[in-house]
Amino acid sequence: LGHPDFADMIVLKTLKEISIPVYFHHPNVTTSFKAGRPLPPGHVSVTDMLDDFLPPNHPLNLNEMLQNPTEYVLPLGHPDFAEMMTIETLNLPSISVYFNHPNATESFVAGHALPPGHVSVTDRLEDFLPPNHPWNLDKMLQNPSDYKLPLGHPDFSSMMKEENLRLPKISVYFHHPNATESFISGRALPPGHMSVTDMLDDF
């Protein structure tokens with residue numbers, strides 16, 4: 001009875017305010033850590049970003065902890081990681097594609113490679129990539145099974161604007177065979193047929 005209150009022996013110190021800019025699709029770090037989801041490969045070093053803000057006796061290697069979240073438990077009262085982040089708006093591109101373009105996200109997740117001769121995605125999106133994003137998009141899209149989209153990555157389809165394809169109208173006589181059926185069955189264009197390239201070049 002009469003023991004001094006422990007709280008009277010404690011002097012509260014204010015932690016230095018941390019404000020790390022992240023993009024809107026960045027997952028909630030506290031939720032990810034508690035769920036056991038590790039820091040994705042290639043993520044910028046959290047240790048380097050927060051080294052100057054750590055209080056005394058705090059474990060130093062934050063990367064090690066975040067890459068192995070199941071081996072660590074956040075102490076009671078630890079600040080929420082999300083409170084240290086400032087959300088920035090990501091400038092998403094708007095790329096015109098034709099109506100028959102496949103869903104790029106579904107294709108990537110299913111492991112379908114970018115078809116040969118496809119326009120360079122790296123060249124088209126290079127100016128929109130956030131810092132630390134892998135830059136060789138063509139390599140990733142040509143080898144989708146070697147890569148995994150990080151949690152919260154924007155849907156590729158949200159960056160695409162579907163455009164109507166201007167289809168030509170070519171006059172043929174009533175006895176002209178069905179061109180699609182002929183092509184699929186392997187029947188070649190007959191000798192002397194007018195140039196289809198010249199007719200469709202503008203379309």
# chains A, B, ... in the order shown; residues from 1 in each chain; ligands from 1
$ residues_around --residues "stretch 46-58 of chain A" --least-positions-apart "3" --cutoff "12 Å" --atoms "only C-alpha atoms" --output "ChimeraX atom specification"
/A:13-21,29,39-40,42-43,61-67,74-75,78-79,81,84-85
$ write_last_selection --atoms "C-alpha atoms" --output "PDB file, in the first residue's frame"
ATOM      1  CA  LYS A  13       8.670  11.083 -25.491  1.00  0.00           C
ATOM      2  CA  THR A  14       7.176  12.138 -28.785  1.00  0.00           C
ATOM      3  CA  LEU A  15       8.249  10.094 -31.794  1.00  0.00           C
ATOM      4  CA  LYS A  16       9.443  12.023 -34.824  1.00  0.00           C
ATOM      5  CA  GLU A  17       6.575  12.355 -37.279  1.00  0.00           C
ATOM      6  CA  ILE A  18       6.941  10.115 -40.308  1.00  0.00           C
ATOM      7  CA  SER A  19       5.298  10.801 -43.665  1.00  0.00           C
ATOM      8  CA  ILE A  20       6.097   8.347 -46.457  1.00  0.00           C
ATOM      9  CA  PRO A  21       4.468   8.996 -49.841  1.00  0.00           C
ATOM     10  CA  VAL A  29       0.874  -2.494 -44.253  1.00  0.00           C
ATOM     11  CA  LEU A  39       7.172  -7.581 -48.280  1.00  0.00           C
ATOM     12  CA  PRO A  40       7.188  -8.290 -52.057  1.00  0.00           C
ATOM     13  CA  GLY A  42      12.086  -5.705 -55.151  1.00  0.00           C
ATOM     14  CA  HIS A  43      10.269  -3.429 -52.671  1.00  0.00           C
ATOM     15  CA  ASN A  61      16.527  -4.555 -39.798  1.00  0.00           C
ATOM     16  CA  LEU A  62      12.969  -3.672 -40.771  1.00  0.00           C
ATOM     17  CA  ASN A  63      13.326  -5.415 -44.146  1.00  0.00           C
ATOM     18  CA  GLU A  64      14.069  -8.713 -42.389  1.00  0.00           C
ATOM     19  CA  MET A  65      10.983  -8.297 -40.178  1.00  0.00           C
ATOM     20  CA  LEU A  66       8.662  -7.313 -43.013  1.00  0.00           C
ATOM     21  CA  GLN A  67       9.929 -10.121 -45.245  1.00  0.00           C
ATOM     22  CA  LEU A  74       3.867  -6.153 -33.156  1.00  0.00           C
ATOM     23  CA  PRO A  75       4.151  -5.023 -29.530  1.00  0.00           C
ATOM     24  CA  HIS A  78       2.915  -0.005 -31.724  1.00  0.00           C
ATOM     25  CA  PRO A  79       1.951   2.833 -34.103  1.00  0.00           C
ATOM     26  CA  PHE A  81       2.043   1.646 -40.172  1.00  0.00           C
ATOM     27  CA  MET A  84       3.057   6.931 -41.357  1.00  0.00           C
ATOM     28  CA  MET A  85       1.973   7.014 -44.994  1.00  0.00           C
TER      29      MET A  85
END
$ closest_atom_pairs --of "stretch 3-89 of chain A" --to "stretch 139-151 of chain A" --cutoff "10 Å" --atoms "only C-alpha atoms" --output "tab-separated table"
residue	atom	partner	partner_atom	distance
A:His25	CA	A:Leu151	CA	8.3
A:His26	CA	A:Leu151	CA	7.8
A:Pro27	CA	A:Leu151	CA	6.5
A:Asn28	CA	A:Leu151	CA	9.9
A:Ser32	CA	A:Leu151	CA	9.5
A:Arg37	CA	A:Leu151	CA	9.7
A:Leu39	CA	A:Pro150	CA	9.6
A:Pro40	CA	A:Pro150	CA	7.0
A:Pro41	CA	A:Pro150	CA	9.4
$ write_last_selection --atoms "C-alpha atoms" --output "PDB file, in the first residue's frame"
ATOM      1  CA  HIS A  25      -3.145   1.124 -54.469  1.00  0.00           C
ATOM      2  CA  HIS A  26      -0.520   0.418 -51.785  1.00  0.00           C
ATOM      3  CA  PRO A  27      -1.916  -2.235 -49.435  1.00  0.00           C
ATOM      4  CA  ASN A  28      -2.476  -1.512 -45.745  1.00  0.00           C
ATOM      5  CA  SER A  32      -0.603  -7.259 -44.425  1.00  0.00           C
ATOM      6  CA  ARG A  37       2.015 -11.376 -46.052  1.00  0.00           C
ATOM      7  CA  LEU A  39       7.172  -7.581 -48.280  1.00  0.00           C
ATOM      8  CA  PRO A  40       7.188  -8.290 -52.057  1.00  0.00           C
ATOM      9  CA  PRO A  41      10.536  -8.893 -53.810  1.00  0.00           C
TER      10      PRO A  41
END
$ select_by_dssp --residues "stretch 94-139 of chain A" --states "alpha helix (DSSP H)" --output "ChimeraX atom specification"
/A:104-109,121-125,137-139
$ residues_around --residues "stretch 190-201 of chain A" --least-positions-apart "5" --cutoff "12 Å" --atoms "only C-alpha atoms" --output "PyMOL selection string"
chain A and resi 166-172+176-177+179+182-183
$ atom_distance --atom1 "atom CA of A:Asn103" --atom2 "atom CA of A:Val119"
16.0 Å
$ select_by_dssp --residues "stretch 50-185 of chain A" --states "strand (DSSP E or B)" --output "PyMOL selection string"
chain A and resi 85-88+95-98+160-163
$ residues_around --residues "A:Ser120" --least-positions-apart "4" --cutoff "9 Å" --atoms "only C-alpha atoms" --output "PyMOL selection string"
chain A and resi 124-125+137-138
$ atom_distance --atom1 "atom CA of A:Gly36" --atom2 "atom CA of A:Val73"
10.1 Å
$ closest_residue --among "A:Val97, A:Glu106, A:Phe33, A:Thr122" --to "A:Ala82" --atoms "only C-alpha atoms"
A:Phe33
$ atom_distance --atom1 "atom CA of A:Ser158" --atom2 "atom CA of A:Thr30"
26.8 Å
$ closest_residue --among "A:Pro4, A:His175, A:Phe128, A:Pro69" --to "A:Ser94" --atoms "only C-alpha atoms"
A:Phe128
$ residues_around --residues "A:Val22" --least-positions-apart "5" --cutoff "8 Å" --atoms "only C-alpha atoms" --output "number ranges by chain"
A: 85-88
$ write_last_selection --atoms "all heavy atoms" --output "PDB file, in the first residue's frame"
ATOM      1  N   MET A  85       1.983   6.927 -43.541  1.00  0.00           N
ATOM      2  CA  MET A  85       1.973   7.014 -44.994  1.00  0.00           C
ATOM      3  C   MET A  85       1.059   8.129 -45.493  1.00  0.00           C
ATOM      4  O   MET A  85      -0.010   8.352 -44.941  1.00  0.00           O
ATOM      5  CB  MET A  85       1.505   5.682 -45.591  1.00  0.00           C
ATOM      6  CG  MET A  85       2.448   4.546 -45.256  1.00  0.00           C
ATOM      7  SD  MET A  85       1.857   2.984 -45.923  1.00  0.00           S
ATOM      8  CE  MET A  85       3.259   1.938 -45.542  1.00  0.00           C
ATOM      9  N   THR A  86       1.515   8.793 -46.525  1.00  0.00           N
ATOM     10  CA  THR A  86       0.721   9.812 -47.194  1.00  0.00           C
ATOM     11  C   THR A  86       0.388   9.302 -48.589  1.00  0.00           C
ATOM     12  O   THR A  86       1.289   8.985 -49.375  1.00  0.00           O
ATOM     13  CB  THR A  86       1.510  11.132 -47.328  1.00  0.00           C
ATOM     14  OG1 THR A  86       1.943  11.539 -46.032  1.00  0.00           O
ATOM     15  CG2 THR A  86       0.644  12.206 -47.952  1.00  0.00           C
ATOM     16  N   ILE A  87      -0.893   9.188 -48.876  1.00  0.00           N
ATOM     17  CA  ILE A  87      -1.308   8.623 -50.159  1.00  0.00           C
ATOM     18  C   ILE A  87      -1.185   9.666 -51.273  1.00  0.00           C
ATOM     19  O   ILE A  87      -1.668  10.787 -51.145  1.00  0.00           O
ATOM     20  CB  ILE A  87      -2.750   8.093 -50.080  1.00  0.00           C
ATOM     21  CG1 ILE A  87      -2.804   6.899 -49.121  1.00  0.00           C
ATOM     22  CG2 ILE A  87      -3.265   7.686 -51.454  1.00  0.00           C
ATOM     23  CD1 ILE A  87      -4.177   6.322 -48.928  1.00  0.00           C
ATOM     24  N   GLU A  88      -0.505   9.278 -52.335  1.00  0.00           N
ATOM     25  CA  GLU A  88      -0.370  10.144 -53.502  1.00  0.00           C
ATOM     26  C   GLU A  88      -1.187   9.585 -54.658  1.00  0.00           C
ATOM     27  O   GLU A  88      -1.387   8.376 -54.768  1.00  0.00           O
ATOM     28  CB  GLU A  88       1.104  10.243 -53.920  1.00  0.00           C
ATOM     29  CG  GLU A  88       1.956  10.999 -52.920  1.00  0.00           C
ATOM     30  CD  GLU A  88       3.324  11.350 -53.483  1.00  0.00           C
ATOM     31  OE1 GLU A  88       3.675  10.819 -54.549  1.00  0.00           O
ATOM     32  OE2 GLU A  88       4.026  12.154 -52.862  1.00  0.00           O
TER      33      GLU A  88
END
$ residues_around --residues "A:Pro130" --least-positions-apart "4" --cutoff "10 Å" --atoms "only C-alpha atoms" --output "ChimeraX atom specification"
/A:22-23,90-92,126,134-135
$ write_last_selection --atoms "N, CA and C atoms" --output "JSON list (two decimals), in the first residue's frame"
[["chain", "number", "residue", "atom", "x", "y", "z"],
["A", 22, "VAL", "N", 3.09, 7.15, -50.62],
["A", 22, "VAL", "CA", 2.79, 5.88, -51.31],
["A", 22, "VAL", "C", 1.64, 6.14, -52.27],
["A", 23, "TYR", "N", 1.51, 5.26, -53.26],
["A", 23, "TYR", "CA", 0.41, 5.42, -54.21],
["A", 23, "TYR", "C", -0.87, 4.79, -53.66],
["A", 90, "LEU", "N", -1.81, 8.39, -58.30],
["A", 90, "LEU", "CA", -1.02, 7.85, -59.41],
["A", 90, "LEU", "C", -1.66, 8.26, -60.72],
["A", 91, "ASN", "N", -0.85, 8.81, -61.60],
["A", 91, "ASN", "CA", -1.34, 9.25, -62.90],
["A", 91, "ASN", "C", -1.42, 8.04, -63.84],
["A", 92, "LEU", "N", -2.62, 7.45, -63.92],
["A", 92, "LEU", "CA", -2.78, 6.26, -64.76],
["A", 92, "LEU", "C", -2.94, 6.67, -66.23],
["A", 126, "GLU", "N", 6.30, 3.84, -70.05],
["A", 126, "GLU", "CA", 7.51, 4.21, -69.31],
["A", 126, "GLU", "C", 7.33, 5.51, -68.52],
["A", 134, "PRO", "N", 9.45, -2.15, -61.66],
["A", 134, "PRO", "CA", 10.27, -2.80, -62.70],
["A", 134, "PRO", "C", 10.00, -2.13, -64.04],
["A", 135, "TRP", "N", 11.07, -1.78, -64.77],
["A", 135, "TRP", "CA", 10.86, -0.96, -65.97],
["A", 135, "TRP", "C", 10.62, -1.78, -67.22]]
